[in-house]
file structure_24.cif (mmCIF, C-alpha atoms)
data_target
loop_
_atom_site.label_atom_id
_atom_site.label_comp_id
_atom_site.auth_asym_id
_atom_site.auth_seq_id
_atom_site.Cartn_x
_atom_site.Cartn_y
_atom_site.Cartn_z
CA MET L 1054 0.00 0.00 0.00
CA PRO L 1055 1.77 3.17 -1.15
CA ILE L 1056 2.00 6.28 1.02
CA THR L 1057 0.28 9.39 -0.21
CA GLN L 1058 2.27 12.32 1.06
CA LYS L 1059 0.82 15.82 0.77
CA GLY L 1060 2.96 18.95 0.55
CA LEU L 1061 5.89 17.48 -1.44
CA GLU L 1062 5.37 19.95 -4.27
CA GLN L 1063 6.92 22.70 -2.13
CA ILE L 1064 10.19 20.78 -1.66
CA GLY L 1065 13.02 21.28 -4.15
CA VAL L 1066 15.28 18.29 -4.84
CA GLN L 1067 18.94 18.60 -5.92
CA LYS L 1068 20.24 15.44 -7.54
CA GLY L 1069 23.75 14.35 -8.44
CA GLN L 1070 25.10 11.02 -9.61
CA ASN L 1071 25.58 9.87 -6.02
CA PHE L 1072 23.21 12.00 -3.95
CA ASN L 1073 19.77 13.52 -3.44
CA ALA L 1074 19.42 16.64 -1.27
CA VAL L 1075 16.20 18.26 -0.07
CA ASN L 1076 15.27 21.09 2.24
CA VAL L 1077 11.95 20.57 3.99
CA GLY L 1078 12.09 23.92 5.79
CA ALA L 1079 12.29 24.86 9.46
CA LEU L 1080 11.05 22.11 11.76
CA GLU L 1081 8.29 24.30 13.19
CA HIS L 1082 6.64 24.31 9.74
CA LEU L 1083 6.48 20.50 9.48
CA ASP L 1084 2.72 20.66 9.97
CA ALA L 1085 2.48 21.93 6.40
CA TYR L 1086 2.95 18.25 5.42
CA LYS L 1087 0.35 15.52 5.76
CA ALA L 1088 0.70 11.76 5.31
CA VAL L 1089 -2.42 9.87 4.29
CA HIS L 1090 -2.73 6.66 6.29
CA PRO L 1091 -4.30 4.10 3.94
CA LYS L 1092 -5.46 1.69 6.66
CA LEU L 1093 -7.08 4.38 8.82
CA ALA L 1094 -8.17 6.44 5.78
CA ARG L 1095 -7.18 9.65 7.52
CA GLU L 1096 -4.59 12.39 7.12
CA VAL L 1097 -1.81 12.75 9.67
CA ARG L 1098 -0.69 16.38 9.84
CA GLY L 1099 2.98 17.00 10.62
CA LYS L 1100 4.27 13.65 9.30
CA LEU L 1101 6.62 13.72 6.31
CA PHE L 1102 7.96 10.50 4.76
CA LEU L 1103 11.07 11.13 2.65
CA LYS L 1104 12.32 7.82 1.22
CA ASP L 1105 10.89 8.38 -2.24
CA LEU L 1106 12.08 11.99 -2.59
CA LEU L 1107 15.58 11.03 -1.44
CA ASP L 1108 15.70 7.73 -3.40
CA LEU L 1109 16.70 5.92 -0.20
CA THR L 1110 17.30 2.18 -0.63
CA GLY L 1111 18.28 1.02 2.87
CA MET L 1112 15.89 2.93 5.11
CA GLN L 1113 12.70 4.91 5.36
CA LEU L 1114 12.44 8.02 7.50
CA SER L 1115 9.80 10.44 8.62
CA MET L 1116 10.15 13.93 10.09
CA ASN L 1117 7.45 14.57 12.68
CA LYS L 1118 5.79 17.32 14.70
CA LEU L 1119 3.14 16.24 17.23
CA PRO L 1120 1.06 18.96 18.93
CA ALA L 1121 0.61 19.23 22.68
CA GLY L 1122 -1.93 16.85 24.18
CA ILE L 1123 -2.09 14.43 21.23
CA SER L 1124 -1.62 10.64 21.38
CA VAL L 1125 -1.18 8.34 18.41
CA PRO L 1126 -4.61 6.60 18.41
CA PHE L 1127 -3.39 3.03 17.80
CA TYR L 1128 -0.64 0.53 18.66
CA HIS L 1129 1.47 -1.05 15.95
CA GLN L 1130 4.22 -3.61 15.42
CA HIS L 1131 6.40 -4.31 12.36
CA SER L 1132 6.96 -7.31 10.12
CA GLU L 1133 10.69 -7.11 9.37
CA ASN L 1134 11.91 -3.58 10.11
CA GLU L 1135 13.46 -2.27 13.29
CA GLU L 1136 12.51 1.31 14.17
CA LEU L 1137 14.53 4.08 15.76
CA TYR L 1138 12.83 7.13 17.30
CA ILE L 1139 15.04 10.21 17.76
CA PHE L 1140 13.48 12.99 19.84
CA ILE L 1141 14.96 16.38 19.04
CA LYS L 1142 12.71 18.92 20.78
CA GLY L 1143 9.90 18.91 23.34
CA LYS L 1144 8.68 16.23 25.76
CA GLY L 1145 6.42 13.20 25.56
CA GLN L 1146 6.08 9.51 26.29
CA MET L 1147 6.47 6.25 24.43
CA GLN L 1148 4.67 3.09 25.43
CA ILE L 1149 6.26 -0.23 24.43
CA ASP L 1150 4.69 -3.56 25.43
CA GLY L 1151 2.76 -1.70 28.12
CA GLN L 1152 5.80 0.07 29.60
CA ASN L 1153 5.80 3.90 29.61
CA ILE L 1154 9.06 5.77 28.95
CA ASP L 1155 9.50 9.53 29.27
CA VAL L 1156 11.19 11.08 26.24
CA GLU L 1157 12.57 14.52 25.46
CA GLU L 1158 15.29 16.24 23.42
CA GLY L 1159 18.17 13.76 23.30
CA SER L 1160 16.07 10.60 23.82
CA LEU L 1161 16.55 7.74 21.35
CA VAL L 1162 14.51 4.54 21.37
CA ARG L 1163 15.13 1.40 19.28
CA ILE L 1164 12.17 -0.94 18.93
CA ALA L 1165 12.38 -4.48 17.56
CA THR L 1166 9.73 -5.73 15.13
CA LYS L 1167 7.60 -7.43 17.81
CA GLY L 1168 7.41 -4.41 20.13
CA THR L 1169 3.85 -3.07 20.50
CA ARG L 1170 4.32 0.69 20.38
CA CYS L 1171 2.48 3.96 20.80
CA TRP L 1172 3.54 7.49 21.74
CA ARG L 1173 2.06 10.79 22.83
CA ASN L 1174 2.80 14.39 23.53
CA ASN L 1175 1.63 14.83 27.13
CA SER L 1176 3.31 18.24 27.45
CA THR L 1177 2.16 21.78 26.66
CA GLU L 1178 4.58 22.32 23.73
CA ASP L 1179 5.08 20.73 20.33
CA LEU L 1180 7.08 17.49 20.20
CA TYR L 1181 9.58 16.97 17.33
CA TYR L 1182 11.05 13.61 16.38
CA ILE L 1183 12.50 11.57 13.55
CA VAL L 1184 11.60 7.93 12.89
CA ILE L 1185 13.88 5.65 10.88
CA GLN L 1186 13.12 2.11 9.83
CA ALA L 1187 15.63 -0.40 8.44
CA LYS L 1188 15.49 -4.15 7.96
CA GLU L 1189 16.35 -5.97 11.17
CA ASN L 1190 19.81 -7.64 11.07
CA SER L 1191 20.63 -6.13 7.66
CA LEU L 1192 23.73 -4.13 8.67
CA ARG L 1193 26.91 -6.11 8.08
CA GLN L 1194 29.54 -3.50 8.92
CA ASP L 1195 29.56 0.19 9.76
CA THR L 1196 31.49 3.39 10.28
CA PHE L 1197 35.25 2.90 10.12
CA GLU L 1198 34.97 -0.63 8.69
CA ASP L 1199 32.60 0.43 5.94
CA GLY L 1200 34.08 3.88 5.38
CA VAL L 1201 36.84 4.31 2.78
CA PRO L 1202 39.18 7.30 3.11
CA VAL L 1203 39.82 9.20 -0.13
CA ASP L 1204 43.44 10.25 -0.62
CA GLN L 1205 42.77 13.79 -1.77
CA GLU L 1206 43.25 17.13 -0.02
CA VAL L 1207 39.99 18.81 1.01
CA LYS L 1208 39.30 21.98 -0.99
CA TRP L 1209 36.34 24.28 -0.52
CA MET I 1264 38.17 -1.73 13.48
CA PRO I 1265 35.91 -1.07 16.48
CA ILE I 1266 34.85 2.43 17.46
CA THR I 1267 36.04 3.73 20.78
CA GLN I 1268 33.40 6.10 22.05
CA LYS I 1269 34.15 8.30 25.06
CA GLY I 1270 31.46 9.62 27.38
CA LEU I 1271 29.10 6.62 27.24
CA GLU I 1272 29.37 6.05 30.99
CA GLN I 1273 27.13 9.08 31.59
CA ILE I 1274 24.26 7.63 29.52
CA GLY I 1275 21.64 5.47 31.23
CA VAL I 1276 20.08 2.67 29.16
CA GLN I 1277 16.56 1.32 29.75
CA LYS I 1278 16.05 -2.11 28.22
CA GLY I 1279 12.92 -4.16 27.62
CA GLN I 1280 12.36 -7.37 25.70
CA ASN I 1281 11.78 -5.40 22.49
CA PHE I 1282 13.49 -2.05 23.04
CA ASN I 1283 16.49 -0.05 24.21
CA ALA I 1284 16.03 3.59 25.25
CA VAL I 1285 18.75 6.14 26.04
CA ASN I 1286 18.88 9.82 26.83
CA VAL I 1287 22.06 11.51 25.63
CA GLY I 1288 21.08 14.90 27.06
CA ALA I 1289 20.37 18.25 25.41
CA LEU I 1290 21.91 18.56 21.95
CA GLU I 1291 24.04 21.53 23.00
CA HIS I 1292 25.95 19.22 25.34
CA LEU I 1293 26.89 16.71 22.61
CA ASP I 1294 30.49 17.94 22.75
CA ALA I 1295 30.82 16.03 26.03
CA TYR I 1296 31.16 12.94 23.77
CA LYS I 1297 34.21 12.04 21.69
CA ALA I 1298 34.65 9.33 19.08
CA VAL I 1299 38.16 7.99 18.55
CA HIS I 1300 38.90 7.65 14.84
CA PRO I 1301 41.17 4.59 14.54
CA LYS I 1302 42.50 5.43 11.06
CA LEU I 1303 43.36 9.04 11.91
CA ALA I 1304 44.30 8.20 15.50
CA ARG I 1305 42.55 11.28 16.76
CA GLU I 1306 39.53 12.15 18.87
CA VAL I 1307 36.49 13.78 17.30
CA ARG I 1308 34.66 15.90 19.87
CA GLY I 1309 30.88 16.17 19.52
CA LYS I 1310 30.41 12.86 17.67
CA LEU I 1311 28.40 10.13 19.40
CA PHE I 1312 27.85 6.72 17.77
CA LEU I 1313 24.90 4.88 19.31
CA LYS I 1314 24.46 1.50 17.56
CA ASP I 1315 26.07 -0.53 20.33
CA LEU I 1316 24.23 1.18 23.19
CA LEU I 1317 20.89 0.79 21.41
CA ASP I 1318 21.61 -2.75 20.11
CA LEU I 1319 20.69 -1.59 16.59
CA THR I 1320 20.89 -4.33 13.95
CA GLY I 1321 19.85 -2.56 10.74
CA MET I 1322 21.58 0.81 11.01
CA GLN I 1323 24.28 2.84 12.69
CA LEU I 1324 23.71 6.43 13.73
CA SER I 1325 25.71 9.28 15.13
CA MET I 1326 24.54 12.47 16.84
CA ASN I 1327 26.81 15.38 15.93
CA LYS I 1328 27.71 18.94 16.92
CA LEU I 1329 30.27 20.74 14.73
CA PRO I 1330 31.58 24.11 15.94
CA ALA I 1331 31.61 27.25 13.81
CA GLY I 1332 34.42 27.42 11.26
CA ILE I 1333 35.34 23.73 11.30
CA SER I 1334 35.61 21.45 8.24
CA VAL I 1335 35.93 17.68 8.32
CA PRO I 1336 39.61 17.29 7.30
CA PHE I 1337 39.17 14.38 4.83
CA TYR I 1338 36.91 12.99 2.11
CA HIS I 1339 35.42 9.53 2.43
CA GLN I 1340 33.29 7.01 0.53
CA HIS I 1341 31.59 3.82 1.74
CA SER I 1342 31.83 0.14 0.81
CA GLU I 1343 28.24 -1.04 1.11
CA ASN I 1344 26.28 1.45 3.23
CA GLU I 1345 24.20 4.39 2.07
CA GLU I 1346 24.35 7.43 4.33
CA LEU I 1347 21.68 9.95 5.27
CA TYR I 1348 22.58 13.32 6.79
CA ILE I 1349 19.77 15.12 8.65
CA PHE I 1350 20.56 18.73 9.62
CA ILE I 1351 18.51 19.88 12.59
CA LYS I 1352 20.06 23.22 13.65
CA GLY I 1353 22.57 25.72 12.27
CA LYS I 1354 24.07 26.21 8.80
CA GLY I 1355 26.88 24.64 6.81
CA GLN I 1356 27.87 23.02 3.53
CA MET I 1357 28.29 19.51 2.19
CA GLN I 1358 30.57 18.71 -0.71
CA ILE I 1359 29.77 15.60 -2.77
CA ASP I 1360 31.86 14.64 -5.81
CA GLY I 1361 33.13 18.23 -5.91
CA GLN I 1362 29.68 19.85 -5.77
CA ASN I 1363 28.92 22.18 -2.83
CA ILE I 1364 25.44 22.17 -1.28
CA ASP I 1365 24.24 24.64 1.35
CA VAL I 1366 22.58 22.92 4.31
CA GLU I 1367 20.62 24.15 7.31
CA GLU I 1368 17.82 23.12 9.66
CA GLY I 1369 15.51 20.94 7.56
CA SER I 1370 18.13 19.82 5.00
CA LEU I 1371 18.45 16.08 4.33
CA VAL I 1372 21.08 14.53 2.06
CA ARG I 1373 21.27 10.90 0.92
CA ILE I 1374 24.66 9.79 -0.37
CA ALA I 1375 25.29 6.54 -2.26
CA THR I 1376 28.34 4.43 -1.42
CA LYS I 1377 30.50 5.85 -4.22
CA GLY I 1378 29.89 9.53 -3.37
CA THR I 1379 33.07 11.32 -2.23
CA ARG I 1380 31.86 13.42 0.68
CA CYS I 1381 32.97 16.12 3.11
CA TRP I 1382 31.16 18.78 5.12
CA ARG I 1383 31.87 21.91 7.10
CA ASN I 1384 30.37 24.51 9.35
CA ASN I 1385 31.07 27.76 7.52
CA SER I 1386 28.75 29.78 9.77
CA THR I 1387 29.24 31.55 13.09
CA GLU I 1388 27.05 29.16 15.14
CA ASP I 1389 27.19 25.48 16.03
CA LEU I 1390 25.89 23.00 13.44
CA TYR I 1391 23.82 20.00 14.63
CA TYR I 1392 23.13 16.92 12.51
CA ILE I 1393 22.37 13.22 12.62
CA VAL I 1394 24.05 10.68 10.33
CA ILE I 1395 22.44 7.29 9.64
CA GLN I 1396 23.99 4.48 7.66
CA ALA I 1397 22.16 1.39 6.36
CA LYS I 1398 23.09 -1.25 3.81
CA GLU I 1399 22.30 -0.06 0.30
CA ASN I 1400 19.26 -1.84 -1.24
CA SER I 1401 18.51 -3.69 2.00
CA LEU I 1402 14.99 -2.31 2.61
CA ARG I 1403 12.31 -4.59 1.16
CA GLN I 1404 9.15 -2.86 2.40
CA ASP I 1405 8.33 0.01 4.69
CA THR I 1406 5.78 1.99 6.64
CA PHE I 1407 2.21 0.82 6.00
CA GLU I 1408 3.32 -2.38 4.23
CA ASP I 1409 5.68 -3.38 7.01
CA GLY I 1410 3.60 -1.97 9.88
CA VAL I 1411 1.08 -4.25 11.59
CA PRO I 1412 -1.83 -2.64 13.45
CA VAL I 1413 -2.53 -4.09 16.89
CA ASP I 1414 -6.22 -4.53 17.66
CA GLN I 1415 -6.19 -3.13 21.17
CA GLU I 1416 -7.46 0.15 22.59
CA VAL I 1417 -4.71 2.61 23.54
CA LYS I 1418 -4.47 3.13 27.30
CA TRP I 1419 -2.09 5.50 29.06
#

call {"tool": "encode", "arguments": {"input": "structure_24.cif", "output": "C-alpha cells"}}
result
Amino acid sequence: MPITQKGLEQIGVQKGQNFNAVNVGALEHLDAYKAVHPKLAREVRGKLFLKDLLDLTGMQLSMNKLPAGISVPFYHQHSENEELYIFIKGKGQMQIDGQNIDVEEGSLVRIATKGTRCWRNNSTEDLYYIVIQAKENSLRQDTFEDGVPVDQEVKW
Amino acid sequence: MPITQKGLEQIGVQKGQNFNAVNVGALEHLDAYKAVHPKLAREVRGKLFLKDLLDLTGMQLSMNKLPAGISVPFYHQHSENEELYIFIKGKGQMQIDGQNIDVEEGSLVRIATKGTRCWRNNSTEDLYYIVIQAKENSLRQDTFEDGVPVDQEVKW
C-alpha cells in the first residue's frame, strides 16, 4: 500500500550522480505536510515521509511534529523492520509492550519488530522527532569498517 | 576496526524485551562525547555513535555537533552502506563529488556508497546533525506495508 504524502510539491530536490538533497524547511513548519494513512483512511498532519524523494534504498524516514496533548490513536508492530525514534525537541512519552518511557530532546529509542508501540505528547509544547526504519539484522559493517578514506586534499 | 566512544558512561540505558532507550542529554551538550577515529588516531569531539548502546541491527547512527568554522579534514566514501545526513540546527555546507550544497535546519542529504563526501560549518554558530547508515538496497518494504496494526485500545 503506497504512502500518499501531501505537501511534497513545495520541496526542491537537488540530484547528483551519487546524492539527493532536499530542504523541507524549518522544523516548526512541518505541519504543512500531511501523510495519508491508507489503513485508517485519515490524514496525519505534521508527518513527512522522505524515502521516495531522497531515493533511499536502505531505510525509510519520517520527520514529525506532534502537537501538545495528542496521542497516536493506535498501537502497531512491524513485520521485518526495526525502528529508531530520535526525539529532538519537546517532551512526551512512548509506550512499548505496556511500559511507559519519558522522552525529550536527546532521547533515542530502538524498537524491535515485535514491540507493541504507541507514543504521545503529554506536554504543553510541540514534540519533534525523527523515525527511521531499516530491515532488522541487515547491517553487516559500519562506520570505520565500511568507510573508505579518499586520498585527496579537502578543498572548498 | 571497532569504534572507541568516550562519554558513554554518563548515559543510562533502559532495556525491555523489544526495546532499548537512552537519553544523551540536550543537543548543545553533545560535545561532552568524543569518538576515537582509529585510522586518523585522533579524537572527534561532539560525535556520538549509538548503535552498540541501542543494540541496533539494521543501522548505525551518530549524533553530531560541529563548531563554527570547522571542516571535516578528509573525504570519504563507503563500501556497502548508504548514508543519510539530517541537519537539525545551524548552517553549513556539504561537498559531494566536488559539488557544494548549502545545508541548514531541515536539510536532508542521501549519499550513495561511491559519493566522495565532506562537510563543514562555515557559519558563526554550532551546526547539529544526525548521520544514519544502512546497507544499500537492503529495505524490502516500509511503513504501512511493514507496519502491523494491533487490535487493542490505547491506554495510558

call {"tool": "closest_residue", "arguments": {"input": "structure_24.cif", "among": "L:Gln1063, L:Gln1130, L:Thr1177, L:Gln1152", "to": "chain I", "atoms": "only C-alpha atoms"}}
result
L:Gln1130

call {"tool": "closest_atom_pairs", "arguments": {"input": "structure_24.cif", "of": "chain L", "to": "chain I", "cutoff": "7 Å", "atoms": "only C-alpha atoms", "output": "Markdown table"}}
result
| residue | atom | partner | partner_atom | distance |
| --- | --- | --- | --- | --- |
| L:Met1054 | CA | I:Glu1408 | CA | 5.9 |
| L:Asn1071 | CA | I:Ala1375 | CA | 5.0 |
| L:Phe1072 | CA | I:Ile1374 | CA | 4.5 |
| L:Asn1073 | CA | I:Arg1373 | CA | 5.3 |
| L:Ala1074 | CA | I:Val1372 | CA | 4.3 |
| L:Val1075 | CA | I:Leu1371 | CA | 5.4 |
| L:Asn1076 | CA | I:Ser1370 | CA | 4.2 |
| L:Val1077 | CA | I:Gly1369 | CA | 5.1 |
| L:Gly1078 | CA | I:Gly1369 | CA | 4.9 |
| L:Ala1079 | CA | I:Gly1369 | CA | 5.4 |
| L:Leu1080 | CA | I:Gly1369 | CA | 6.2 |
| L:Leu1107 | CA | I:Arg1373 | CA | 6.2 |
| L:Leu1109 | CA | I:Arg1373 | CA | 6.9 |
| L:Thr1110 | CA | I:Asn1400 | CA | 4.5 |
| L:Gly1111 | CA | I:Leu1402 | CA | 4.7 |
| L:Met1112 | CA | I:Leu1402 | CA | 5.9 |
| L:Gln1113 | CA | I:Asp1405 | CA | 6.6 |
| L:Pro1126 | CA | I:Val1417 | CA | 6.5 |
| L:Phe1127 | CA | I:Val1417 | CA | 5.9 |
| L:Tyr1128 | CA | I:Val1413 | CA | 5.3 |
| L:His1129 | CA | I:Pro1412 | CA | 4.4 |
| L:Gln1130 | CA | I:Val1411 | CA | 5.0 |
| L:His1131 | CA | I:Gly1410 | CA | 4.4 |
| L:Ser1132 | CA | I:Asp1409 | CA | 5.2 |
| L:Glu1133 | CA | I:Asp1409 | CA | 6.7 |
| L:Asn1134 | CA | I:Asp1409 | CA | 7.0 |
| L:Glu1135 | CA | I:Gly1321 | CA | 6.9 |
| L:Glu1158 | CA | I:Ala1289 | CA | 5.8 |
| L:Gly1159 | CA | I:Gly1288 | CA | 4.9 |
| L:Ser1160 | CA | I:Asn1286 | CA | 4.2 |
| L:Leu1161 | CA | I:Val1285 | CA | 5.4 |
| L:Val1162 | CA | I:Ala1284 | CA | 4.3 |
| L:Arg1163 | CA | I:Asn1283 | CA | 5.3 |
| L:Ile1164 | CA | I:Phe1282 | CA | 4.5 |
| L:Ala1165 | CA | I:Asn1281 | CA | 5.1 |
| L:Lys1167 | CA | I:Asn1281 | CA | 6.6 |
| L:Gly1168 | CA | I:Asn1281 | CA | 5.1 |
| L:Ala1187 | CA | I:Gly1321 | CA | 5.3 |
| L:Lys1188 | CA | I:Gly1321 | CA | 5.4 |
| L:Glu1189 | CA | I:Gly1321 | CA | 4.9 |
| L:Asn1190 | CA | I:Thr1320 | CA | 4.5 |
| L:Ser1191 | CA | I:Gly1321 | CA | 4.8 |
| L:Leu1192 | CA | I:Gly1321 | CA | 4.7 |
| L:Asp1195 | CA | I:Gln1323 | CA | 6.6 |
| L:Phe1197 | CA | I:Met1264 | CA | 6.4 |
| L:Glu1198 | CA | I:Met1264 | CA | 5.9 |
| L:Asp1199 | CA | I:Ser1342 | CA | 5.2 |
| L:Gly1200 | CA | I:His1341 | CA | 4.4 |
| L:Val1201 | CA | I:Gln1340 | CA | 5.0 |
| L:Pro1202 | CA | I:His1339 | CA | 4.4 |
| L:Val1203 | CA | I:His1339 | CA | 5.1 |
| L:Glu1206 | CA | I:Phe1337 | CA | 6.9 |
| L:Val1207 | CA | I:Phe1337 | CA | 5.9 |

call {"tool": "atom_distance", "arguments": {"input": "structure_24.cif", "atom1": "CA of Tyr1392 (chain I)", "atom2": "CA of Asn1327 (chain I)"}}
result
5.3 Å

call {"tool": "atom_distance", "arguments": {"input": "structure_24.cif", "atom1": "CA of Gly1143 (chain L)", "atom2": "CA of Ile1123 (chain L)"}}
result
13.0 Å

call {"tool": "resolve_selection", "arguments": {"input": "structure_24.cif", "expression": "the PyMOL selection byres ((chain I and resi 1330) around 8)", "output": "count of residues only"}}
result
9

call {"tool": "atom_distance", "arguments": {"input": "structure_24.cif", "atom1": "CA of Ala1094 (chain L)", "atom2": "CA of Lys1059 (chain L)"}}
result
13.9 Å

call {"tool": "axis_aligned_box", "arguments": {"input": "structure_24.cif", "around": "region 1083-1093 of chain L", "padding_each_side": "8 Å", "output": "lines of an AutoDock Vina configuration file"}}
result
center_x = -0.3
center_y = 11.8
center_z = 7.0
size_x = 29.6
size_y = 36.2
size_z = 22.0
